[in-house]
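model_26.cif follows; it contains mmCIF, C-alpha atoms.
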```cif
data_coords
loop_
_atom_site.label_atom_id
_atom_site.label_comp_id
_atom_site.auth_asym_id
_atom_site.auth_seq_id
_atom_site.Cartn_x
_atom_site.Cartn_y
_atom_site.Cartn_z
CA MET G 1 -18.90 14.58 -8.23
CA ALA G 2 -18.14 17.13 -5.51
CA ASN G 3 -21.09 15.89 -3.44
CA ASP G 4 -19.45 12.48 -3.25
CA MET G 5 -16.68 14.03 -1.15
CA GLN G 6 -19.21 15.26 1.38
CA ARG G 7 -19.57 13.40 4.65
CA THR G 8 -21.36 10.09 4.43
CA ASP G 9 -24.84 9.73 5.85
CA VAL G 10 -24.65 5.93 5.91
CA GLU G 11 -26.08 4.18 8.94
CA TRP G 12 -23.11 2.79 10.85
CA SER G 13 -23.08 -0.98 11.26
CA ARG G 14 -20.75 -3.97 11.29
CA ARG G 15 -20.81 -3.95 7.49
CA GLU G 16 -19.51 -0.36 7.35
CA ALA G 17 -16.91 -1.06 10.04
CA THR G 18 -15.59 -4.06 8.11
CA HIS G 19 -15.37 -2.09 4.87
CA PHE G 20 -13.53 0.70 6.70
CA LEU G 21 -10.98 -1.65 8.27
CA TRP G 22 -10.34 -3.68 5.13
CA ARG G 23 -9.67 -0.62 3.00
CA THR G 24 -7.51 1.21 5.55
CA GLY G 25 -5.46 -1.78 6.70
CA PHE G 26 -4.75 -5.42 6.00
CA GLY G 27 -7.90 -7.30 6.97
CA ALA G 28 -9.31 -7.32 10.49
CA SER G 29 -10.13 -9.77 13.24
CA ALA G 30 -13.65 -10.22 14.58
CA ASP G 31 -12.64 -8.35 17.76
CA GLU G 32 -11.32 -5.37 15.77
CA ILE G 33 -14.48 -5.22 13.69
CA GLN G 34 -16.63 -5.30 16.82
CA GLN G 35 -14.57 -2.52 18.41
CA VAL G 36 -14.93 -0.20 15.40
CA THR G 37 -18.62 -1.05 15.11
CA THR G 38 -19.06 0.06 18.71
CA ASP G 39 -16.83 3.13 18.41
CA GLY G 40 -18.44 4.62 15.31
CA LEU G 41 -16.83 6.34 12.34
CA ASP G 42 -15.49 9.50 14.00
CA LYS G 43 -13.64 7.68 16.75
CA ALA G 44 -12.34 5.09 14.29
CA ILE G 45 -10.93 7.79 12.01
CA ASP G 46 -9.39 9.68 14.93
CA ARG G 47 -7.56 6.54 16.04
CA LEU G 48 -6.55 5.67 12.48
CA LEU G 49 -5.00 9.08 11.80
CA SER G 50 -3.34 9.54 15.21
CA PRO G 51 -0.08 7.77 16.14
CA GLN G 52 -0.90 4.74 18.29
CA THR G 53 1.60 3.43 20.82
CA GLU G 54 3.06 0.11 19.77
CA SER G 55 3.13 -2.73 22.28
CA ALA G 56 6.36 -3.78 23.95
CA ALA G 57 6.15 -7.16 22.22
CA PHE G 58 5.81 -5.48 18.81
CA GLY G 59 8.76 -3.18 19.49
CA LYS G 60 10.99 -6.06 20.56
CA ALA G 61 10.13 -8.19 17.52
CA ASP G 62 10.51 -5.19 15.21
CA ALA G 63 14.01 -4.44 16.51
CA VAL G 64 15.13 -8.07 16.36
CA LEU G 65 13.88 -8.61 12.80
CA ARG G 66 15.37 -5.35 11.54
CA GLN G 67 18.74 -6.05 13.11
CA ALA G 68 18.73 -9.57 11.66
CA ALA G 69 18.26 -8.07 8.20
CA PHE G 70 21.11 -5.61 8.72
CA ASP G 71 23.38 -8.34 10.09
CA SER G 72 22.68 -10.78 7.26
CA GLY G 73 22.52 -8.23 4.46
CA ASN G 74 19.80 -10.45 3.00
CA ILE G 75 16.81 -8.61 1.53
CA ALA G 76 14.61 -11.62 2.40
CA ASP G 77 15.09 -10.76 6.07
CA LEU G 78 14.06 -7.15 5.45
CA LYS G 79 10.92 -8.42 3.72
CA ALA G 80 10.11 -10.45 6.84
CA TRP G 81 10.65 -7.35 8.99
CA TRP G 82 8.21 -5.30 6.93
CA LEU G 83 5.61 -8.06 6.78
CA HIS G 84 5.73 -8.21 10.57
CA ARG G 85 5.05 -4.47 10.72
CA MET G 86 2.12 -4.77 8.30
CA THR G 87 0.69 -7.70 10.25
CA ALA G 88 1.16 -6.57 13.84
CA SER G 89 1.52 -2.77 13.96
CA ALA G 90 -1.01 -0.72 15.92
CA ASN G 91 -0.84 1.72 12.97
CA PRO G 92 -2.06 -0.34 9.99
CA LEU G 93 -2.88 2.64 7.77
CA VAL G 94 0.69 3.90 8.09
CA GLU G 95 1.97 0.56 6.80
CA LYS G 96 -0.60 0.44 4.01
CA LEU G 97 0.37 3.93 2.89
CA THR G 98 4.04 3.00 3.09
CA LEU G 99 3.28 0.14 0.71
CA LEU G 100 1.37 2.49 -1.60
CA TRP G 101 4.30 4.92 -1.76
CA HIS G 102 6.80 2.07 -2.13
CA ASN G 103 4.94 1.22 -5.33
CA HIS G 104 4.67 4.90 -6.34
CA PHE G 105 8.40 5.56 -5.83
CA ALA G 106 9.28 2.06 -7.02
CA THR G 107 12.89 1.21 -6.17
CA SER G 108 14.33 -2.29 -6.35
CA ASN G 109 17.05 -3.87 -4.28
CA ALA G 110 17.92 -5.90 -7.38
CA LYS G 111 19.98 -2.86 -8.40
CA VAL G 112 20.47 -0.96 -5.13
CA ASP G 113 21.80 -4.11 -3.42
CA SER G 114 21.78 -2.67 0.08
CA VAL G 115 19.53 -3.58 3.01
CA PRO G 116 20.37 -0.36 4.92
CA LEU G 117 19.56 1.85 1.92
CA MET G 118 16.28 0.08 1.18
CA ALA G 119 15.35 0.26 4.88
CA ALA G 120 16.18 3.98 4.97
CA GLN G 121 13.89 4.65 2.01
CA ASN G 122 11.15 2.60 3.64
CA ASP G 123 11.57 4.66 6.81
CA LEU G 124 11.24 7.87 4.77
CA LEU G 125 8.01 6.73 3.15
CA ARG G 126 6.61 5.67 6.52
CA ARG G 127 7.60 8.92 8.20
CA GLU G 128 5.63 10.99 5.71
CA SER G 129 2.81 8.49 5.11
CA LEU G 130 0.42 10.73 7.07
CA GLY G 131 2.49 13.83 6.59
CA SER G 132 3.26 15.88 3.51
CA PHE G 133 3.60 14.75 -0.09
CA ARG G 134 5.58 17.93 -0.68
CA ARG G 135 8.19 16.86 1.87
CA VAL G 136 8.39 13.29 0.65
CA LEU G 137 8.89 14.40 -2.95
CA TYR G 138 11.74 16.70 -1.90
CA ASP G 139 13.26 14.02 0.32
CA ILE G 140 12.98 11.19 -2.22
CA ALA G 141 15.06 13.29 -4.63
CA LYS G 142 17.94 13.03 -2.14
CA ASP G 143 17.25 9.47 -1.02
CA VAL G 144 20.36 7.41 -1.62
CA ALA G 145 18.54 4.25 -2.74
CA MET G 146 16.63 6.31 -5.31
CA LEU G 147 19.79 8.06 -6.50
CA VAL G 148 21.50 4.69 -7.02
CA TRP G 149 18.38 3.21 -8.65
CA LEU G 150 18.13 6.03 -11.20
CA ASP G 151 21.87 6.45 -11.91
CA SER G 152 22.13 9.95 -10.50
CA ASN G 153 25.93 9.81 -10.22
CA SER G 154 26.07 9.85 -13.99
CA ASN G 155 24.01 13.05 -14.13
CA ARG G 156 26.76 15.56 -14.87
CA LYS G 157 26.91 19.05 -16.25
CA ARG G 158 28.25 18.13 -19.69
CA HIS G 159 26.22 14.94 -20.04
CA PRO G 160 22.92 15.15 -18.14
CA ASN G 161 21.25 11.86 -17.28
CA GLU G 162 17.48 12.17 -17.65
CA ASN G 163 16.41 9.19 -15.54
CA PHE G 164 15.34 10.97 -12.36
CA ALA G 165 13.95 14.03 -14.14
CA ARG G 166 11.77 11.75 -16.29
CA GLU G 167 10.50 9.69 -13.39
CA VAL G 168 9.80 12.67 -11.15
CA MET G 169 7.40 13.92 -13.82
CA GLU G 170 6.05 10.72 -15.36
CA LEU G 171 5.73 8.51 -12.30
CA PHE G 172 6.04 10.65 -9.18
CA SER G 173 4.04 13.82 -9.74
CA LEU G 174 2.38 14.48 -13.11
CA GLY G 175 1.78 11.44 -15.30
CA VAL G 176 2.28 10.96 -19.03
CA GLY G 177 1.07 13.79 -21.27
CA ASN G 178 1.63 16.62 -18.81
CA TYR G 179 5.20 17.53 -19.73
CA SER G 180 7.38 17.68 -22.83
CA GLU G 181 10.69 16.04 -23.66
CA HIS G 182 12.21 19.50 -23.47
CA ASP G 183 10.89 19.85 -19.89
CA ILE G 184 12.69 16.60 -18.99
CA GLN G 185 15.92 17.68 -20.62
CA GLU G 186 15.91 20.99 -18.80
CA ALA G 187 14.92 19.41 -15.49
CA ALA G 188 17.78 16.91 -15.84
CA ARG G 189 20.16 19.87 -15.96
CA ALA G 190 18.66 21.15 -12.71
CA PHE G 191 19.43 17.82 -10.99
CA THR G 192 23.03 17.59 -12.20
CA GLY G 193 25.44 17.12 -9.33
CA TRP G 194 22.85 15.44 -7.08
CA HIS G 195 25.15 12.52 -6.34
CA VAL G 196 26.02 9.85 -3.78
CA ARG G 197 29.33 9.74 -1.94
CA ASN G 198 30.23 7.41 0.92
CA GLY G 199 26.66 6.15 1.09
CA GLU G 200 25.12 9.60 1.55
CA PHE G 201 23.58 12.32 -0.59
CA TRP G 202 26.24 14.69 -1.89
CA PHE G 203 25.74 17.90 -3.79
CA ASN G 204 28.61 17.89 -6.27
CA ALA G 205 28.77 21.61 -7.05
CA ILE G 206 31.43 21.14 -9.73
CA GLN G 207 29.04 18.96 -11.74
CA HIS G 208 25.94 21.14 -11.25
CA ASP G 209 24.66 23.15 -14.20
CA THR G 210 23.96 26.65 -12.90
CA GLY G 211 22.73 28.00 -16.23
CA GLU G 212 19.25 29.20 -17.07
CA LYS G 213 16.64 26.53 -17.76
CA ALA G 214 13.10 26.53 -19.15
CA VAL G 215 10.62 24.16 -17.48
CA PHE G 216 6.85 24.29 -18.08
CA SER G 217 7.37 27.55 -20.00
CA LYS G 218 8.99 29.16 -16.96
CA ARG G 219 12.59 30.35 -17.05
CA GLY G 220 15.15 30.56 -14.28
CA HIS G 221 18.43 29.26 -12.90
CA PHE G 222 16.53 26.34 -11.44
CA ASP G 223 18.05 23.70 -9.19
CA GLY G 224 16.42 20.36 -8.45
CA GLY G 225 14.39 21.62 -5.53
CA GLU G 226 12.88 24.39 -7.63
CA VAL G 227 11.94 21.88 -10.34
CA ILE G 228 10.15 19.80 -7.71
CA GLU G 229 8.21 22.89 -6.64
CA LEU G 230 7.25 23.53 -10.27
CA CYS G 231 5.91 19.97 -10.45
CA LEU G 232 3.89 20.48 -7.28
CA GLU G 233 2.45 23.72 -8.64
CA HIS G 234 1.45 22.05 -11.92
CA PRO G 235 -2.35 21.53 -12.18
CA ALA G 236 -1.81 17.88 -13.14
CA CYS G 237 -0.11 16.99 -9.85
CA PRO G 238 -3.13 16.79 -7.50
CA ARG G 239 -5.13 14.95 -10.17
CA PHE G 240 -2.32 12.41 -10.60
CA LEU G 241 -2.24 11.79 -6.85
CA ALA G 242 -6.04 11.68 -6.59
CA PHE G 243 -6.12 8.88 -9.15
CA LYS G 244 -3.57 6.90 -7.13
CA LEU G 245 -5.48 7.34 -3.86
CA LEU G 246 -8.83 6.46 -5.37
CA ARG G 247 -7.45 3.30 -6.99
CA GLN G 248 -5.96 2.22 -3.68
CA PHE G 249 -8.80 3.04 -1.33
CA VAL G 250 -12.05 3.47 -3.27
CA GLU G 251 -12.52 2.12 -6.80
CA PRO G 252 -10.42 0.41 -9.50
CA SER G 253 -11.35 2.83 -12.31
CA PRO G 254 -11.95 6.29 -10.86
CA SER G 255 -14.15 8.63 -12.86
CA ARG G 256 -12.98 12.04 -14.00
CA GLU G 257 -15.50 13.66 -11.66
CA HIS G 258 -14.21 11.76 -8.65
CA ILE G 259 -10.59 12.52 -9.55
CA ASP G 260 -11.35 16.22 -9.91
CA ALA G 261 -13.24 16.33 -6.62
CA LEU G 262 -10.43 14.69 -4.64
CA ALA G 263 -7.77 16.70 -6.49
CA ALA G 264 -9.46 19.89 -5.33
CA ARG G 265 -9.20 18.72 -1.73
CA ILE G 266 -5.55 17.76 -2.18
CA ARG G 267 -4.79 21.25 -3.47
CA GLN G 268 -6.91 22.86 -0.75
CA HIS G 269 -5.03 20.96 1.97
CA ASN G 270 -1.64 21.66 0.35
CA PHE G 271 -0.71 17.96 -0.02
CA GLU G 272 -1.09 17.27 3.73
CA TRP G 273 -2.33 13.69 3.85
CA ARG G 274 -3.93 13.58 7.29
CA SER G 275 -6.56 16.18 6.41
CA ILE G 276 -7.10 14.75 2.93
CA LEU G 277 -7.58 11.20 4.18
CA ARG G 278 -9.91 12.28 6.96
CA GLU G 279 -12.26 13.70 4.34
CA LEU G 280 -11.87 10.73 1.99
CA PHE G 281 -12.50 8.06 4.64
CA SER G 282 -15.63 9.79 5.90
CA SER G 283 -17.03 10.57 2.44
CA ARG G 284 -20.12 9.31 0.66
CA LEU G 285 -17.82 8.06 -2.09
CA PHE G 286 -15.77 5.85 0.25
CA PHE G 287 -18.90 4.11 1.56
CA SER G 288 -20.81 4.07 -1.73
CA GLU G 289 -22.20 0.80 -3.04
CA GLN G 290 -20.04 0.92 -6.17
CA ALA G 291 -16.93 1.13 -3.99
CA ARG G 292 -17.64 -1.98 -1.92
CA GLN G 293 -15.96 -5.25 -2.87
CA SER G 294 -14.72 -3.60 -6.07
CA ILE G 295 -10.94 -3.88 -5.66
CA ILE G 296 -8.96 -7.06 -6.28
CA LYS G 297 -6.73 -7.78 -3.29
CA SER G 298 -3.03 -7.43 -3.91
CA PRO G 299 -0.96 -10.47 -2.87
CA VAL G 300 0.08 -8.72 0.35
CA GLU G 301 -3.53 -7.76 1.14
CA LEU G 302 -4.68 -11.32 0.42
CA LEU G 303 -2.05 -13.02 2.56
CA LEU G 304 -1.93 -10.64 5.49
CA GLY G 305 -5.69 -10.19 5.43
CA ALA G 306 -6.11 -13.89 6.15
CA VAL G 307 -3.43 -13.83 8.83
CA ARG G 308 -5.16 -10.96 10.62
CA GLN G 309 -8.71 -12.27 10.12
CA LEU G 310 -7.79 -15.66 11.57
CA LYS G 311 -5.27 -14.36 14.16
CA ALA G 312 -2.65 -16.65 12.68
CA LYS G 313 0.96 -16.81 13.77
CA PRO G 314 2.62 -16.24 10.41
CA ASN G 315 5.76 -17.70 8.90
CA LEU G 316 7.03 -14.38 7.57
CA GLN G 317 9.69 -15.76 5.25
CA SER G 318 7.22 -18.15 3.64
CA LEU G 319 4.64 -15.39 3.20
CA ALA G 320 7.26 -13.17 1.55
CA ARG G 321 8.14 -15.92 -0.92
CA LEU G 322 4.49 -16.61 -1.74
CA SER G 323 3.76 -12.92 -2.20
CA ALA G 324 6.62 -12.79 -4.72
CA GLU G 325 5.26 -15.84 -6.54
CA LEU G 326 1.86 -14.13 -6.71
CA GLY G 327 3.48 -11.09 -8.32
CA GLN G 328 4.25 -8.70 -5.45
CA ASP G 329 7.87 -9.05 -4.37
CA LEU G 330 8.49 -6.50 -1.63
CA PHE G 331 11.56 -4.29 -2.11
CA GLU G 332 11.87 -5.69 -5.63
CA PRO G 333 9.16 -4.19 -7.86
CA PRO G 334 9.49 -5.31 -11.49
CA THR G 335 10.18 -1.90 -13.07
CA VAL G 336 10.34 1.81 -12.28
CA LYS G 337 6.55 1.78 -12.78
CA GLY G 338 6.07 -0.59 -9.86
CA TRP G 339 3.22 -3.10 -9.86
CA ASP G 340 0.30 -2.31 -12.15
CA GLY G 341 -2.08 -4.23 -9.88
CA GLY G 342 -5.83 -4.45 -10.41
CA ARG G 343 -6.91 -7.20 -12.76
CA LEU G 344 -3.27 -7.93 -13.58
CA TRP G 345 -2.93 -9.54 -10.15
CA ILE G 346 -5.05 -12.38 -11.51
CA SER G 347 -3.95 -14.92 -14.11
CA SER G 348 -4.72 -18.61 -14.61
CA THR G 349 -1.59 -19.42 -12.60
CA THR G 350 -1.98 -16.96 -9.74
CA LEU G 351 -5.68 -17.78 -9.37
CA ILE G 352 -4.75 -21.40 -8.62
CA GLN G 353 -1.99 -20.26 -6.28
CA ARG G 354 -4.41 -17.98 -4.47
CA ALA G 355 -6.81 -20.88 -3.96
CA ASN G 356 -3.97 -23.13 -2.78
CA PHE G 357 -2.94 -20.47 -0.27
CA ALA G 358 -5.95 -21.30 1.89
CA THR G 359 -4.91 -24.94 2.02
CA ALA G 360 -1.30 -24.07 2.83
CA LEU G 361 -2.37 -21.83 5.71
CA LEU G 362 -5.16 -23.95 7.17
CA LYS G 363 -4.22 -27.55 6.45
CA SER G 364 -0.44 -27.80 6.07
CA ASN G 365 0.69 -24.94 8.33
CA GLN G 366 3.32 -24.06 5.71
CA LEU G 367 2.58 -20.34 6.08
CA GLY G 368 1.87 -20.18 9.79
CA SER G 369 -0.36 -21.64 12.45
CA VAL G 370 -4.08 -21.05 12.96
CA SER G 371 -6.02 -22.23 15.98
CA PHE G 372 -9.78 -22.59 16.26
CA ALA G 373 -9.61 -24.30 19.65
CA THR G 374 -11.08 -21.39 21.61
CA LEU G 375 -13.61 -20.32 18.98
CA ARG G 376 -17.21 -20.79 20.06
CA VAL G 377 -19.87 -19.44 17.70
CA GLU G 378 -23.54 -20.28 17.41
CA ASP G 379 -23.69 -20.09 13.61
CA ASP G 380 -20.30 -21.01 12.15
CA VAL G 381 -21.36 -20.52 8.51
CA ASN G 382 -22.66 -17.00 9.08
CA TYR G 383 -19.68 -16.15 11.29
CA PHE G 384 -17.08 -16.98 8.64
CA VAL G 385 -19.03 -15.54 5.74
CA GLN G 386 -19.23 -12.21 7.58
CA LEU G 387 -15.62 -12.34 8.80
CA LEU G 388 -14.03 -13.36 5.49
CA LEU G 389 -16.41 -11.99 2.85
CA ALA G 390 -18.42 -9.24 4.59
CA ARG G 391 -21.24 -9.49 2.07
CA ASP G 392 -24.54 -11.18 1.40
CA VAL G 393 -23.58 -14.18 -0.71
CA GLY G 394 -27.19 -15.25 -1.25
CA ALA G 395 -29.38 -17.99 0.17
CA GLU G 396 -28.15 -20.61 -2.30
CA ALA G 397 -24.50 -20.15 -1.34
CA VAL G 398 -25.34 -20.20 2.37
CA ALA G 399 -27.34 -23.40 1.91
CA GLU G 400 -24.40 -24.95 0.06
CA LEU G 401 -22.05 -24.03 2.90
CA ARG G 402 -24.42 -25.44 5.51
CA GLN G 403 -24.67 -28.70 3.58
CA PHE G 404 -20.89 -28.75 3.26
CA MET G 405 -20.57 -28.54 7.04
CA LYS G 406 -23.10 -31.32 7.57
CA ASN G 407 -20.99 -33.56 5.36
CA GLN G 408 -17.78 -32.90 7.30
CA THR G 409 -16.43 -35.42 9.77
CA GLY G 410 -13.86 -35.14 12.52
CA ASP G 411 -13.46 -32.90 15.54
CA PRO G 412 -14.89 -29.37 15.62
CA GLU G 413 -11.58 -27.69 14.81
CA THR G 414 -11.03 -29.87 11.74
CA ARG G 415 -14.52 -29.10 10.50
CA LEU G 416 -14.00 -25.35 11.01
CA ARG G 417 -10.71 -25.50 9.11
CA SER G 418 -12.52 -27.11 6.19
CA LEU G 419 -15.27 -24.50 6.24
CA THR G 420 -12.78 -21.63 6.39
CA GLN G 421 -10.80 -23.09 3.52
CA PHE G 422 -13.99 -23.43 1.47
CA VAL G 423 -14.97 -19.79 2.06
CA MET G 424 -11.46 -18.52 1.30
CA GLN G 425 -11.55 -20.32 -2.03
CA MET G 426 -14.77 -18.60 -3.11
CA PRO G 427 -14.31 -15.95 -5.85
CA GLU G 428 -15.69 -13.29 -3.51
CA TYR G 429 -12.67 -13.67 -1.23
CA GLN G 430 -10.43 -12.12 -3.88
CA LEU G 431 -12.16 -8.76 -3.47
CA THR G 432 -12.01 -6.08 -0.85
#
```
Whole structure, structure tokens version:
Amino acid sequence: MANDMQRTDVEWSRREATHFLWRTGFGASADEIQQVTTDGLDKAIDRLLSPQTESAAFGKADAVLRQAAFDSGNIADLKAWWLHRMTASANPLVEKLTLLWHNHFATSNAKVDSVPLMAAQNDLLRRESLGSFRRVLYDIAKDVAMLVWLDSNSNRKRHPNENFAREVMELFSLGVGNYSEHDIQEAARAFTGWHVRNGEFWFNAIQHDTGEKAVFSKRGHFDGGEVIELCLEHPACPRFLAFKLLRQFVEPSPSREHIDALAARIRQHNFEWRSILRELFSSRLFFSEQARQSIIKSPVELLLGAVRQLKAKPNLQSLARLSAELGQDLFEPPTVKGWDGGRLWISSTTLIQRANFATALLKSNQLGSVSFATLRVEDDVNYFVQLLLARDVGAEAVAELRQFMKNQTGDPETRLRSLTQFVMQMPEYQLT
């Protein structure tokens, strides 16, 4: 309902701060949660939506990892570069939105076969992550990785290729049921001649169909850019985007009322994300009880959430491989539809792998290193329940955890590793 998009009146606390950080980034350390709890919602949102200066250490590592990927030409190295950004950037929302749009504009290196082209598309998505959907939709139509992915060089005047025209309507802007096959055929004509030459976008005028076209019952000598504008003007576009945003940040099955309410704000703000997200992240809906712990963590959210919560030093290559095994292979989505996500993240196999992840991180150091040596807390059970689950798990579960700790032997760090592993293997840890 429209009222759900009004500003929240929730009493700010550690619980709200944790929910805010989990949904707008990839987990959070105890220090980060305490900082946002102290700052309050307005200051937290201002920082989230304003470019934060990256540290010198981050910048150095970012440059080294990116250059290593370009030098090797190995997509695995580019995956490590991006995982480092998602783990260590001072702008976590930017990286989370980049991941959202990577799934939305799903393009796979399995076909593109170029680290520089995949990196360039990733840069584009990041650049407009808090900018304009209008600009990113125009720019993605000329993105070389996308043009290769959707066979745009075969889109010629005499034999239009419908791949991009279909995806720009079905997957990028409108959704199924909001266009006709004739709309796709005519739009494909508008994109003829949008080709790649020497690794760059090239408008091949000889192969462009300049004739009159009819799209969404409108007639004109449309080119590709004008078709994109017609898609943006279509009433289905803001609703399609609202559904995507709500699934990512609020609830797994958005209601029609919630979609309509957010769609109205998207149209009002002319597809400018910063203003839209400011309203969403401060809304009653975002902090509603039905929104909390309702979304199944994606593999990247699961893995990087733990790394950030525990301040681990990650093995980026190993995390990339495990994420792929769990169903989310960065830069290589399974189809043009990307990852369906939600409940499909969980199967009998991946559930076991998700549980084993805690052991691999905490006991074998296969995925990185975690140290508890400097951690001093009065109530270790409550500390890790709040840090890792951020919910009331009930007196019975707490009692079970306390008894578990009493039964542990060894030095304090070993006992804390066992407790953390136990909590991370609870069903509640799969939700954010």
Distance query stretch 348-356 of chain G at most 10 Å, all atoms listed in the file, self and fewer than 2 positions along chain excluded, as an MDAnalysis selection string: chainID G and resid 299 302:303 322:323 325:327 344:346 358:361 421:422 424:427 429:430
For the structure shown, which residues end up in the PyMOL selection byres ((chain G and resi 95-108) around 7)? Put them as a VMD selection string, please? chain G and resid 25 86 91 to 94 109 to 112 125 to 126 129 146 149 172 331 to 333 336 to 339
Exactly which residues make up the result of the PyMOL selection byres ((chain G and resi 223) around 12) on this file, given as a VMD selection string? chain G and resid 138 141 165 186 to 194 203 205 208 to 215 219 to 222 224 to 230
Contacts of G:Leu174 at 8 Å (only C-alpha atoms; same-chain gap of 5+ positions) as a list in words: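 Residues near the query, excluding close chain neighbours: Val168, Met169, Tyr179, Cys231, His234, Ala236, Cys237 and Phe240 of chain G.
Those residues returned by the PyMOL selection byres ((chain G and resi 120) around 12) for this file are G:Arg66, G:Phe70, G:Leu78, G:His102, G:Thr107, G:Ser114, G:Val115, G:Pro116, G:Leu117, G:Met118, G:Ala119, G:Gln121, G:Asn122, G:Asp123, G:Leu124, G:Leu125, G:Arg126, G:Arg127, G:Asp139, G:Ile140, G:Lys142, G:Asp143, G:Val144, G:Ala145, G:Met146, G:Gly199, G:Glu200, G:Phe331.
Minimum distance to G:Phe58 across G:Ile75, G:Leu367, G:Ile45, G:Ala90 (counting all atoms listed in the file) occurs at G:Ala90.
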Nearest to G:Leu21 by atom-to-atom distance, counting only C-alpha atoms, from G:Ser347, G:Ser275, G:Thr432, G:Ser152: G:Thr432
